[in-house]
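This is target.cif. It holds mmCIF, C-alpha atoms; chains and numbers go by the auth columns.
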```cif
data_upload
loop_
_atom_site.group_PDB
_atom_site.id
_atom_site.type_symbol
_atom_site.label_atom_id
_atom_site.label_comp_id
_atom_site.label_asym_id
_atom_site.label_seq_id
_atom_site.Cartn_x
_atom_site.Cartn_y
_atom_site.Cartn_z
_atom_site.B_iso_or_equiv
_atom_site.auth_seq_id
_atom_site.auth_asym_id
ATOM 1 C CA MET A 1 -15.896 28.530 -11.808 0.00 1 M
ATOM 2 C CA LYS A 2 -13.058 28.433 -9.315 0.00 2 M
ATOM 3 C CA ILE A 3 -10.857 25.358 -8.837 0.00 3 M
ATOM 4 C CA ARG A 4 -8.727 25.189 -5.725 0.00 4 M
ATOM 5 C CA ILE A 5 -6.980 22.725 -3.447 0.00 5 M
ATOM 6 C CA ALA A 6 -9.369 21.601 -0.712 0.00 6 M
ATOM 7 C CA GLU A 7 -8.819 22.819 2.826 0.00 7 M
ATOM 8 C CA MET A 8 -9.812 21.283 6.147 0.00 8 M
ATOM 9 C CA LYS A 9 -12.819 23.614 6.220 0.00 9 M
ATOM 10 C CA ASP A 10 -14.170 21.548 3.277 0.00 10 M
ATOM 11 C CA ILE A 11 -14.070 18.199 5.092 0.00 11 M
ATOM 12 C CA ASN A 12 -17.643 18.209 6.363 0.00 12 M
ATOM 13 C CA ILE A 13 -19.286 18.892 3.022 0.00 13 M
ATOM 14 C CA LEU A 14 -16.957 16.545 1.154 0.00 14 M
ATOM 15 C CA SER A 15 -17.466 13.679 3.609 0.00 15 M
ATOM 16 C CA GLU A 16 -21.222 14.259 3.457 0.00 16 M
ATOM 17 C CA TYR A 17 -21.254 13.514 -0.279 0.00 17 M
ATOM 18 C CA ASP A 18 -18.184 11.334 -0.896 0.00 18 M
ATOM 19 C CA LYS A 19 -19.194 7.961 0.511 0.00 19 M
ATOM 20 C CA HIS A 20 -16.324 6.123 -1.228 0.00 20 M
ATOM 21 C CA ILE A 21 -13.710 7.130 1.325 0.00 21 M
ATOM 22 C CA LYS A 22 -13.468 7.076 5.107 0.00 22 M
ATOM 23 C CA GLN A 23 -13.315 10.495 6.721 0.00 23 M
ATOM 24 C CA GLU A 24 -9.849 9.772 8.168 0.00 24 M
ATOM 25 C CA GLU A 25 -8.531 9.009 4.665 0.00 25 M
ATOM 26 C CA LEU A 26 -10.209 12.091 3.257 0.00 26 M
ATOM 27 C CA ARG A 27 -8.634 14.172 6.002 0.00 27 M
ATOM 28 C CA SER A 28 -5.230 12.703 5.100 0.00 28 M
ATOM 29 C CA GLY A 29 -5.773 13.440 1.400 0.00 29 M
ATOM 30 C CA ILE A 30 -6.705 17.032 2.158 0.00 30 M
ATOM 31 C CA SER A 31 -3.669 17.487 4.416 0.00 31 M
ATOM 32 C CA LEU A 32 -1.436 16.132 1.613 0.00 32 M
ATOM 33 C CA GLY A 33 -3.018 18.531 -0.892 0.00 33 M
ATOM 34 C CA ARG A 34 -4.526 15.670 -2.902 0.00 34 M
ATOM 35 C CA VAL A 35 -8.099 16.927 -3.161 0.00 35 M
ATOM 36 C CA MET A 36 -9.351 19.713 -5.447 0.00 36 M
ATOM 37 C CA VAL A 37 -12.753 21.336 -5.326 0.00 37 M
ATOM 38 C CA ALA A 38 -14.653 23.268 -7.967 0.00 38 M
ATOM 39 C CA GLU A 39 -16.929 26.061 -6.839 0.00 39 M
ATOM 40 C CA GLU A 40 -19.458 28.201 -8.616 0.00 40 M
ATOM 41 C CA GLU A 41 -20.454 31.370 -6.793 0.00 41 M
ATOM 42 C CA GLY A 42 -19.211 29.886 -3.510 0.00 42 M
ATOM 43 C CA GLU A 43 -21.164 26.631 -3.905 0.00 43 M
ATOM 44 C CA LEU A 44 -19.468 23.251 -4.228 0.00 44 M
ATOM 45 C CA ALA A 45 -19.809 22.027 -7.818 0.00 45 M
ATOM 46 C CA GLY A 46 -17.627 18.930 -7.468 0.00 46 M
ATOM 47 C CA TRP A 47 -14.292 17.507 -6.433 0.00 47 M
ATOM 48 C CA LEU A 48 -11.318 15.526 -7.675 0.00 48 M
ATOM 49 C CA ARG A 49 -9.078 13.483 -5.427 0.00 49 M
ATOM 50 C CA TRP A 50 -6.004 11.413 -6.128 0.00 50 M
ATOM 51 C CA ASN A 51 -3.369 9.225 -4.603 0.00 51 M
ATOM 52 C CA LEU A 52 -0.135 7.645 -5.816 0.00 52 M
ATOM 53 C CA PHE A 53 -0.292 4.273 -7.571 0.00 53 M
ATOM 54 C CA TRP A 54 2.810 2.218 -6.717 0.00 54 M
ATOM 55 C CA ASP A 55 3.799 5.211 -4.552 0.00 55 M
ATOM 56 C CA ASN A 56 5.062 7.041 -7.635 0.00 56 M
ATOM 57 C CA THR A 57 2.300 7.618 -10.209 0.00 57 M
ATOM 58 C CA PRO A 58 -0.615 10.036 -9.678 0.00 58 M
ATOM 59 C CA PHE A 59 -3.889 8.110 -9.841 0.00 59 M
ATOM 60 C CA MET A 60 -7.176 10.021 -9.951 0.00 60 M
ATOM 61 C CA ASN A 61 -9.425 8.101 -7.574 0.00 61 M
ATOM 62 C CA MET A 62 -12.515 10.265 -7.859 0.00 62 M
ATOM 63 C CA LEU A 63 -13.901 12.933 -10.117 0.00 63 M
ATOM 64 C CA TYR A 64 -17.421 13.909 -9.154 0.00 64 M
ATOM 65 C CA LEU A 65 -19.641 16.757 -10.278 0.00 65 M
ATOM 66 C CA PHE A 66 -23.107 17.435 -9.000 0.00 66 M
ATOM 67 C CA GLU A 67 -25.862 16.959 -11.584 0.00 67 M
ATOM 68 C CA GLY A 68 -26.314 20.649 -12.433 0.00 68 M
ATOM 69 C CA TYR A 69 -22.625 21.034 -13.258 0.00 69 M
ATOM 70 C CA ARG A 70 -22.225 18.069 -15.594 0.00 70 M
ATOM 71 C CA ASN A 71 -21.681 18.426 -19.343 0.00 71 M
ATOM 72 C CA ARG A 72 -20.651 22.058 -18.901 0.00 72 M
ATOM 73 C CA GLY A 73 -16.849 21.715 -19.080 0.00 73 M
ATOM 74 C CA TYR A 74 -16.253 21.518 -15.326 0.00 74 M
ATOM 75 C CA GLY A 75 -14.870 17.972 -15.442 0.00 75 M
ATOM 76 C CA LYS A 76 -12.515 18.763 -18.291 0.00 76 M
ATOM 77 C CA ALA A 77 -11.333 21.898 -16.487 0.00 77 M
ATOM 78 C CA MET A 78 -10.727 20.003 -13.253 0.00 78 M
ATOM 79 C CA VAL A 79 -8.791 17.216 -14.971 0.00 79 M
ATOM 80 C CA SER A 80 -6.726 19.765 -16.898 0.00 80 M
ATOM 81 C CA CYS A 81 -5.942 21.665 -13.688 0.00 81 M
ATOM 82 C CA TRP A 82 -4.931 18.400 -11.993 0.00 82 M
ATOM 83 C CA GLU A 83 -2.720 17.373 -14.912 0.00 83 M
ATOM 84 C CA GLU A 84 -0.972 20.753 -14.841 0.00 84 M
ATOM 85 C CA LYS A 85 -0.412 20.393 -11.102 0.00 85 M
ATOM 86 C CA MET A 86 1.041 16.904 -11.630 0.00 86 M
ATOM 87 C CA LYS A 87 3.316 18.232 -14.385 0.00 87 M
ATOM 88 C CA GLY A 88 4.449 20.968 -12.036 0.00 88 M
ATOM 89 C CA GLU A 89 5.308 18.337 -9.445 0.00 89 M
ATOM 90 C CA GLY A 90 7.515 16.545 -11.976 0.00 90 M
ATOM 91 C CA TYR A 91 5.318 13.633 -13.018 0.00 91 M
ATOM 92 C CA ASP A 92 5.353 12.357 -16.605 0.00 92 M
ATOM 93 C CA ILE A 93 2.269 10.132 -16.543 0.00 93 M
ATOM 94 C CA VAL A 94 -1.071 10.040 -14.720 0.00 94 M
ATOM 95 C CA MET A 95 -3.639 7.286 -14.285 0.00 95 M
ATOM 96 C CA THR A 96 -7.312 6.788 -13.568 0.00 96 M
ATOM 97 C CA SER A 97 -9.951 4.095 -13.977 0.00 97 M
ATOM 98 C CA THR A 98 -13.656 3.606 -14.466 0.00 98 M
ATOM 99 C CA LEU A 99 -16.078 0.722 -14.670 0.00 99 M
ATOM 100 C CA SER A 100 -16.785 -0.588 -18.152 0.00 100 M
ATOM 101 C CA ASN A 101 -20.500 0.055 -17.669 0.00 101 M
ATOM 102 C CA GLU A 102 -19.977 3.760 -16.919 0.00 102 M
ATOM 103 C CA GLU A 103 -20.050 6.615 -19.429 0.00 103 M
ATOM 104 C CA ALA A 104 -16.915 8.137 -17.878 0.00 104 M
ATOM 105 C CA GLN A 105 -14.731 5.868 -20.035 0.00 105 M
ATOM 106 C CA HIS A 106 -15.693 7.939 -23.097 0.00 106 M
ATOM 107 C CA PHE A 107 -14.930 11.194 -21.251 0.00 107 M
ATOM 108 C CA TYR A 108 -11.410 10.021 -20.405 0.00 108 M
ATOM 109 C CA ARG A 109 -10.747 8.820 -23.948 0.00 109 M
ATOM 110 C CA ARG A 110 -11.817 12.247 -25.278 0.00 110 M
ATOM 111 C CA LEU A 111 -9.175 13.729 -22.956 0.00 111 M
ATOM 112 C CA GLN A 112 -6.515 11.483 -24.540 0.00 112 M
ATOM 113 C CA TYR A 113 -6.401 8.871 -21.810 0.00 113 M
ATOM 114 C CA VAL A 114 -5.418 5.481 -23.215 0.00 114 M
ATOM 115 C CA ASP A 115 -6.774 2.097 -22.190 0.00 115 M
ATOM 116 C CA SER A 116 -3.838 0.479 -20.409 0.00 116 M
ATOM 117 C CA GLY A 117 -5.238 -2.553 -18.647 0.00 117 M
ATOM 118 C CA ALA A 118 -8.134 -3.822 -16.623 0.00 118 M
ATOM 119 C CA LEU A 119 -9.075 -5.339 -13.317 0.00 119 M
ATOM 120 C CA LEU A 120 -11.820 -7.889 -12.851 0.00 120 M
ATOM 121 C CA LEU A 121 -13.126 -8.367 -9.330 0.00 121 M
ATOM 122 C CA PRO A 122 -15.754 -10.958 -8.402 0.00 122 M
ATOM 123 C CA ASP A 123 -19.319 -9.804 -9.095 0.00 123 M
ATOM 124 C CA GLU A 124 -18.161 -6.448 -10.507 0.00 124 M
ATOM 125 C CA PRO A 125 -18.040 -5.060 -14.048 0.00 125 M
ATOM 126 C CA LEU A 126 -14.601 -4.774 -15.614 0.00 126 M
ATOM 127 C CA GLU A 127 -12.559 -1.851 -14.265 0.00 127 M
ATOM 128 C CA ILE A 128 -10.719 -0.150 -17.141 0.00 128 M
ATOM 129 C CA ILE A 129 -7.336 1.363 -16.259 0.00 129 M
ATOM 130 C CA PHE A 130 -6.336 4.496 -18.210 0.00 130 M
ATOM 131 C CA THR A 131 -3.022 6.309 -18.495 0.00 131 M
ATOM 132 C CA LYS A 132 -1.985 9.592 -20.056 0.00 132 M
ATOM 133 C CA LYS A 133 1.469 10.970 -20.760 0.00 133 M
ATOM 134 C CA ILE A 134 1.492 14.590 -19.627 0.00 134 M
ATOM 135 C CA ARG A 135 5.002 15.499 -20.813 0.00 135 M
#
```

Could you take the file, read its structure, and then write that structure out as C-alpha cells?
Amino acid sequence: MKIRIAEMKDINILSEYDKHIKQEELRSGISLGRVMVAEEEGELAGWLRWNLFWDNTPFMNMLYLFEGYRNRGYGKAMVSCWEEKMKGEGYDIVMTSTLSNEEAQHFYRRLQYVDSGALLLPDEPLEIIFTKKIR
C-alpha cells in the first residue's frame, strides 16, 4: 500500500466517489495538501481529508476505504500517516467525529481517540466528537 498526498490528477476519481463535498471544496483541499489517498497496485483504495477546526486544530472530515480494503490495516495506516504529518506541522492535538450509530466510533477509540463532546442536529443521530493528543 502507498499513501500519498492527493494531486489534482486525483480530483475526478475522488469527486466521483466522495459525495460529501462539493468539487470546488475538494479542489481547494487538494491544493492545500489536505487530502491523502491510499493506493494498492495503482488502484485507489481510499482517502482521508481534513480541515482546520476553529482555524487551528486539524479535524479529519473523512476517512473512507473501499469495501475490499476494509479491516486490513489501511485505515489505521492512513490515520497514523496523517497524525505524523500533523505532528510535523507543529500540531499537538487532532480531532474527528462519527455518528453514534456507526461502527467507526470503536475504530477511533482503539486508536486512542477520546470522546470529547457531541453534536445533536435535528433528525440525526448523535455526532460524537473525538480528540487525540499527538505530542

Can you turn the PyMOL selection byres ((chain M and resi 104) around 12) into a concrete residue list for this file, as a list in words?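 When the PyMOL selection byres ((chain M and resi 104) around 12) is applied to the shown file, the picked residues are Met62, Leu63, Tyr64, Leu65, Arg70, Asn71, Gly75, Lys76, Thr96, Ser97, Thr98, Leu99, Ser100, Asn101, Glu102, Glu103, Gln105, His106, Phe107, Tyr108, Arg109, Arg110, Leu111, Tyr113, Glu127, Ile128, Ile129 and Phe130 of chain M.
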
Compile the contact shell of M:Asn12 as a PyMOL selection string: residues with an atom at most 12 Å away, counting only C-alpha atoms, same-chain residues fewer than 5 positions apart removed. chain M and resi 6-7+17-19+22-24+26-27+30+44

Taking only C-alpha atoms into account, name the residue in M:Trp47, M:Trp54, M:Tyr69, M:Phe59 that is nearest to M:Val94.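 With only C-alpha atoms as the atom set, the closest residue is M:Phe59.
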
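Closest approach to M:Val35 from the set M:Lys9, M:Arg49, M:Lys133, M:Lys85 is made by M:Arg49, with distances taken over all atoms listed in the file.
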
Spatial sel., origin (-4.7, 15.9, -3.3), limit 8 Å, all atoms listed in the file, listed as a PyMOL selection string: chain M and resi 5-6+29-36+48-51

Grab the atom CA of M:Ile13 to atom CA of M:Thr57 distance for me, in Å with one decimal place.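 These atoms are spaced 27.7 Å apart.
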
What gap, in Å, lies between atom CA of M:Ile93 and atom CA of M:Pro58? 7.4 Å

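The closest residue to M:Gly73, picked from M:Asp55, M:Glu124, M:Leu119, M:Gly46 and counting all atoms listed in the file, is M:Gly46.
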
List the neighbours of M:Ile3 out to 7 Å using only C-alpha atoms; skip same-chain residues closer than 6 positions along the sequence, and give me the result as a PyMOL selection string. chain M and resi 36-39+78

Which residue, M:Leu126, M:Ile11, M:Met86, M:Met95, has the smallest gap to M:Met60 when you use all atoms listed in the file?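 Result for the nearest residue to M:Met60: M:Met95.
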
Could you give me the centre and size, in Å to one decimal, of an axis-aligned box around all listed atoms of stretch 25-32 of chain M with 3 Å added on every side, as AutoDock Vina command-line options?
```
--center_x -5.8 --center_y 13.2 --center_z 3.7 --size_x 14.8 --size_y 14.5 --size_z 10.6
```

Quote the spacing between atom CA of M:Asn56 and atom CA of M:Gly88 in Å to one decimal place.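 Pair atom CA of M:Asn56 / atom CA of M:Gly88 returns 14.6 Å.
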